[in-house]
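Notes follow once the structure below has been shown.
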Amino acid sequence: MNQRALLLVNRHARRGQQPLDAAVHQLESLGLELCEEAIADPDRLPDVIRDYRNRVDLVIIGGGDGTLNAAVEGLVETQLPLGILPLGTANDLARTLGIPATLPEACQIIAAGKVHAIDLGWVNGKYFFNVASLGLSVKITRSLTQEVKRRWGVFAYAATALQALWKSRRFHAEIQIEGGRSQKVRAIQIAVGNGRYYGGGMAVAEDAAIDDQRLDLYSLEVDHWWQMLAVLPALRRGRQGVSPWAQSWTGKEFHVYTRRPRSINTDGEITTSTPAHFKVVPNALSVIVP
């Protein structure tokens, strides 16, 4: 018996305007019966998934990390397996899971149906796949318009980050780590990672994995642009802990306090603010992987 799949496609994703007829035909020829719904309003994605909970065997989402994050509550609630067609700008979750960027290869992986349980991060009631952060990343998110993404693709992150860096200043924060430890920092950014990649291929930690049942937190404490250039290679490889301008910790739970509320970015969308309670949710949902 063919599997029934709910197909949700973000036509506003950077690659979402490309014809998807070939991918749909390929999935159907590989034995999937598709129920396609266009994504007009990402906020409605959880409700659409809930509506299909008893009608399909899995959910296939075509879009980027923001689209996947918008759907996560419905996926967790229904426990339907997730198949990914990477159509976004960065596709960091797909990169973490080893899913190729080409649609034909991604379709083959979905049809093969190998399911793997992954963790989710959680902050103040909001789930995230990749990273939740405050500081510099929020400024980048606010500047990273759809037009900038379409024009520059994955390079938009680097260009926007350089512009945001000029306007950023360090802020005071207190980080409480499980076990009662507390650390005060003056940071330009605090990031808490659940997966491995974020921001177009940056690694949150050298050994980070999306199924290791832990979070990786780093505090970036540069004060001058040249320090950022010096620390960037370590950030790309997830080796922030060896830099004199960063500190890092691992754990299942963190609390972050700031002098005034600061916005928090989860998978590229601003969703909550400090004070923040972060925790890992082990084996939260199933994803189809290579």
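In the structure tokens, each chain is lettered A, B, ... as it comes, each chain's residues begin at 1, and ligands are numbered from 1 in order of appearance.
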>> DSSP on the backbone, helix (DSSP H, G or I) only: what residues of stretch 183-257 of chain A does that give? Format it as an MDAnalysis selection string.
In response: chainID A and resid 225:237 240:242
> Could you pull out all residues of stretch 25-202 of chain A with a DSSP call of strand (DSSP E) and give them as a ChimeraX atom specification?
Replying inline: /A:32-38,58-63,82-86,115-123,126-128,131-135,171-177,181-187,189-193,197-198,202
Using only C-alpha atoms, what table do you get, as JSON lines, when you list each residue of stretch 42-78 of chain A with an atom no more than 10 Å from stretch 106-124 of chain A, its nearest pair of atoms, and their distance in Å rounded to one decimal, rows by chain then rising number?
```
{"residue": "A:Leu58", "atom": "CA", "partner": "A:Gly113", "partner_atom": "CA", "distance": 9.7}
{"residue": "A:Ile60", "atom": "CA", "partner": "A:Ile110", "partner_atom": "CA", "distance": 8.2}
{"residue": "A:Val72", "atom": "CA", "partner": "A:Leu120", "partner_atom": "CA", "distance": 9.3}
{"residue": "A:Val76", "atom": "CA", "partner": "A:Leu120", "partner_atom": "CA", "distance": 9.6}
```
> Which residues, written as a list in words, have at least one atom at most 6 Å from stretch 221-237 of chain A, with only C-alpha atoms counted and residues fewer than 6 positions away on the same chain left out?
Replying inline: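 Residues meeting the cut-off are Ala187, Ile188, Met202, Ala203, Trp245 and Ala246 of chain A.
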Just all heavy atoms for this one: save the residues we selected as a PDB file, in the first residue's frame.
```
ATOM      1  N   ALA A 187      28.732  40.137  26.445  1.00  0.00           N
ATOM      2  CA  ALA A 187      28.745  39.439  25.161  1.00  0.00           C
ATOM      3  C   ALA A 187      28.152  40.289  24.052  1.00  0.00           C
ATOM      4  O   ALA A 187      27.294  41.147  24.283  1.00  0.00           O
ATOM      5  CB  ALA A 187      27.954  38.139  25.272  1.00  0.00           C
ATOM      6  N   ILE A 188      28.596  40.007  22.831  1.00  0.00           N
ATOM      7  CA  ILE A 188      27.956  40.583  21.663  1.00  0.00           C
ATOM      8  C   ILE A 188      26.868  39.647  21.151  1.00  0.00           C
ATOM      9  O   ILE A 188      25.931  40.051  20.478  1.00  0.00           O
ATOM     10  CB  ILE A 188      29.000  40.890  20.569  1.00  0.00           C
ATOM     11  CG1 ILE A 188      28.423  41.828  19.501  1.00  0.00           C
ATOM     12  CG2 ILE A 188      29.529  39.617  19.930  1.00  0.00           C
ATOM     13  CD1 ILE A 188      29.453  42.319  18.511  1.00  0.00           C
ATOM     14  N   MET A 202      27.598  27.698   9.726  1.00  0.00           N
ATOM     15  CA  MET A 202      28.421  27.815  10.928  1.00  0.00           C
ATOM     16  C   MET A 202      28.118  26.626  11.840  1.00  0.00           C
ATOM     17  O   MET A 202      26.992  26.144  11.895  1.00  0.00           O
ATOM     18  CB  MET A 202      28.088  29.107  11.678  1.00  0.00           C
ATOM     19  CG  MET A 202      28.115  30.344  10.814  1.00  0.00           C
ATOM     20  SD  MET A 202      29.730  31.104  10.721  1.00  0.00           S
ATOM     21  CE  MET A 202      29.792  31.950  12.269  1.00  0.00           C
ATOM     22  N   ALA A 203      29.131  26.157  12.575  1.00  0.00           N
ATOM     23  CA  ALA A 203      28.944  25.037  13.502  1.00  0.00           C
ATOM     24  C   ALA A 203      28.835  25.568  14.922  1.00  0.00           C
ATOM     25  O   ALA A 203      29.660  26.367  15.360  1.00  0.00           O
ATOM     26  CB  ALA A 203      30.103  24.056  13.400  1.00  0.00           C
ATOM     27  N   TRP A 245      38.125  35.197  22.835  1.00  0.00           N
ATOM     28  CA  TRP A 245      36.959  36.088  22.788  1.00  0.00           C
ATOM     29  C   TRP A 245      35.641  35.333  22.832  1.00  0.00           C
ATOM     30  O   TRP A 245      34.606  35.823  22.382  1.00  0.00           O
ATOM     31  CB  TRP A 245      37.028  36.978  21.554  1.00  0.00           C
ATOM     32  CG  TRP A 245      38.254  37.837  21.562  1.00  0.00           C
ATOM     33  CD1 TRP A 245      38.560  38.848  22.441  1.00  0.00           C
ATOM     34  CD2 TRP A 245      39.358  37.739  20.674  1.00  0.00           C
ATOM     35  NE1 TRP A 245      39.780  39.380  22.149  1.00  0.00           N
ATOM     36  CE2 TRP A 245      40.306  38.728  21.069  1.00  0.00           C
ATOM     37  CE3 TRP A 245      39.661  36.922  19.582  1.00  0.00           C
ATOM     38  CZ2 TRP A 245      41.507  38.915  20.415  1.00  0.00           C
ATOM     39  CZ3 TRP A 245      40.869  37.097  18.925  1.00  0.00           C
ATOM     40  CH2 TRP A 245      41.772  38.076  19.336  1.00  0.00           C
ATOM     41  N   ALA A 246      35.661  34.118  23.354  1.00  0.00           N
ATOM     42  CA  ALA A 246      34.431  33.337  23.484  1.00  0.00           C
ATOM     43  C   ALA A 246      34.558  32.362  24.645  1.00  0.00           C
ATOM     44  O   ALA A 246      35.656  31.950  25.020  1.00  0.00           O
ATOM     45  CB  ALA A 246      34.132  32.584  22.192  1.00  0.00           C
TER      46      ALA A 246
END
```
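Proximity ranking of A:Gln247, A:Gln79, A:Thr67, A:Thr96 relative to A:Leu8 places A:Thr67 first, based on only C-alpha atoms.
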> Closest to A:Val24 among A:Pro104, A:Pro42, A:Gly98, A:Gly125, using only C-alpha atoms?
Replying inline: A:Pro104
>> What's the separation between atom CA of A:Val204 and atom CA of A:Pro81, in Å to one decimal place?
In response: 25.2 Å
>> Excluding A:Ala276 and its own-chain neighbours fewer than 6 positions away, which residues fall within 9 Å of it when counting only C-alpha atoms? Please give them as a VMD selection string.
In response: chain A and resid 123 to 124 254 to 257 264
Export of the given selection (all heavy atoms) as a compact mmCIF listing (two decimals), in the first residue's frame:
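Printed below is part-v7.txt as written:
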```
# COMPACT_ATOMS: atom_id res chain seq x y z
N VAL A 123 12.86 27.04 24.22
CA VAL A 123 13.13 28.25 24.99
C VAL A 123 11.82 28.99 25.21
O VAL A 123 11.12 29.34 24.27
CB VAL A 123 14.18 29.15 24.30
CG1 VAL A 123 13.82 29.49 22.86
CG2 VAL A 123 14.38 30.44 25.13
N ASN A 124 11.47 29.17 26.46
CA ASN A 124 10.26 29.92 26.83
C ASN A 124 9.02 29.44 26.08
O ASN A 124 8.16 30.22 25.66
CB ASN A 124 10.44 31.42 26.58
CG ASN A 124 11.49 32.05 27.47
OD1 ASN A 124 12.01 31.41 28.39
ND2 ASN A 124 11.82 33.31 27.23
N PHE A 254 19.71 25.62 30.51
CA PHE A 254 20.36 26.89 30.83
C PHE A 254 19.29 27.94 31.12
O PHE A 254 18.17 27.87 30.60
CB PHE A 254 21.20 27.41 29.66
CG PHE A 254 22.35 26.52 29.26
CD1 PHE A 254 22.22 25.64 28.18
CD2 PHE A 254 23.55 26.58 29.93
CE1 PHE A 254 23.27 24.84 27.80
CE2 PHE A 254 24.62 25.77 29.54
CZ PHE A 254 24.48 24.90 28.48
N HIS A 255 19.66 28.93 31.94
CA HIS A 255 18.86 30.14 32.10
C HIS A 255 19.74 31.32 31.75
O HIS A 255 20.92 31.35 32.13
CB HIS A 255 18.35 30.29 33.53
CG HIS A 255 17.29 29.31 33.92
ND1 HIS A 255 17.57 28.02 34.31
CD2 HIS A 255 15.92 29.43 33.95
CE1 HIS A 255 16.44 27.39 34.59
NE2 HIS A 255 15.44 28.22 34.38
N VAL A 256 19.19 32.30 31.02
CA VAL A 256 19.94 33.49 30.66
C VAL A 256 19.15 34.72 31.10
O VAL A 256 17.96 34.86 30.76
CB VAL A 256 20.23 33.55 29.15
CG1 VAL A 256 20.91 34.87 28.78
CG2 VAL A 256 21.10 32.38 28.72
N TYR A 257 19.82 35.60 31.86
CA TYR A 257 19.20 36.83 32.36
C TYR A 257 19.98 38.03 31.83
O TYR A 257 21.21 38.01 31.77
CB TYR A 257 19.21 36.85 33.89
CG TYR A 257 18.51 35.66 34.52
CD1 TYR A 257 19.23 34.54 34.92
CD2 TYR A 257 17.13 35.67 34.73
CE1 TYR A 257 18.60 33.45 35.49
CE2 TYR A 257 16.49 34.59 35.30
CZ TYR A 257 17.23 33.47 35.68
OH TYR A 257 16.61 32.39 36.25
N ILE A 264 14.98 37.18 21.27
CA ILE A 264 15.64 35.91 20.99
C ILE A 264 15.18 35.39 19.63
O ILE A 264 13.98 35.38 19.32
CB ILE A 264 15.35 34.87 22.09
CG1 ILE A 264 15.97 35.33 23.40
CG2 ILE A 264 15.88 33.49 21.70
CD1 ILE A 264 15.64 34.45 24.59
```
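Proximity to A:Val56 at 7 Å, evaluated using only C-alpha atoms and with sequence-adjacent residues fewer than 6 positions away removed, yields Arg4, Ala5 and Leu6 of chain A.
Each of A:Gly180, A:Ile49, A:Gly64, A:Val192 was checked against A:Arg95 using only C-alpha atoms; the smallest atom-to-atom distance is that of A:Gly64.
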Could you list, as a short mmCIF file (atom, residue, chain, number, x, y, z; two decimals) with N, CA and C atoms, in the first residue's frame, every residue within 10 Å of A:Arg53, counting only C-alpha atoms and ignoring same-chain residues fewer than 6 positions away?
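Saved as around.cif:
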```cif
data_model
loop_
_atom_site.label_atom_id
_atom_site.label_comp_id
_atom_site.auth_asym_id
_atom_site.auth_seq_id
_atom_site.Cartn_x
_atom_site.Cartn_y
_atom_site.Cartn_z
N LEU A 6 1.40 14.39 3.43
CA LEU A 6 0.99 15.79 3.31
C LEU A 6 2.19 16.57 2.80
N ASP A 47 -1.73 24.03 12.41
CA ASP A 47 -3.15 23.66 12.29
C ASP A 47 -3.40 22.77 11.08
N VAL A 59 4.71 13.89 6.83
CA VAL A 59 4.61 15.26 6.34
C VAL A 59 5.89 15.59 5.59
N GLY A 74 3.09 21.49 15.24
CA GLY A 74 2.18 20.50 14.69
C GLY A 74 2.85 19.14 14.53
N LEU A 75 4.13 19.13 14.19
CA LEU A 75 4.87 17.88 14.04
C LEU A 75 5.04 17.18 15.39
N GLU A 77 3.15 17.56 18.07
CA GLU A 77 1.84 17.14 18.60
C GLU A 77 1.32 15.88 17.89
N THR A 78 1.49 15.80 16.57
CA THR A 78 0.94 14.66 15.83
C THR A 78 1.91 13.48 15.76
N GLN A 79 3.20 13.77 15.98
CA GLN A 79 4.26 12.74 15.88
C GLN A 79 4.32 12.11 14.49
N LEU A 80 3.95 12.86 13.47
CA LEU A 80 4.11 12.41 12.10
C LEU A 80 5.56 12.59 11.68
#
```
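Counting only C-alpha atoms and comparing A:Glu37, A:Asp21, A:Glu28, A:Glu105, the residue that lies closest to A:Gln3 is A:Glu28.
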>> Calculated over only C-alpha atoms, which of the candidates A:Pro100, A:Gly135, A:Gly251, A:Gly31 has the smallest distance to A:Arg169?
In response: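 When distances to A:Arg169 are compared using only C-alpha atoms, the smallest one comes from A:Gly135.
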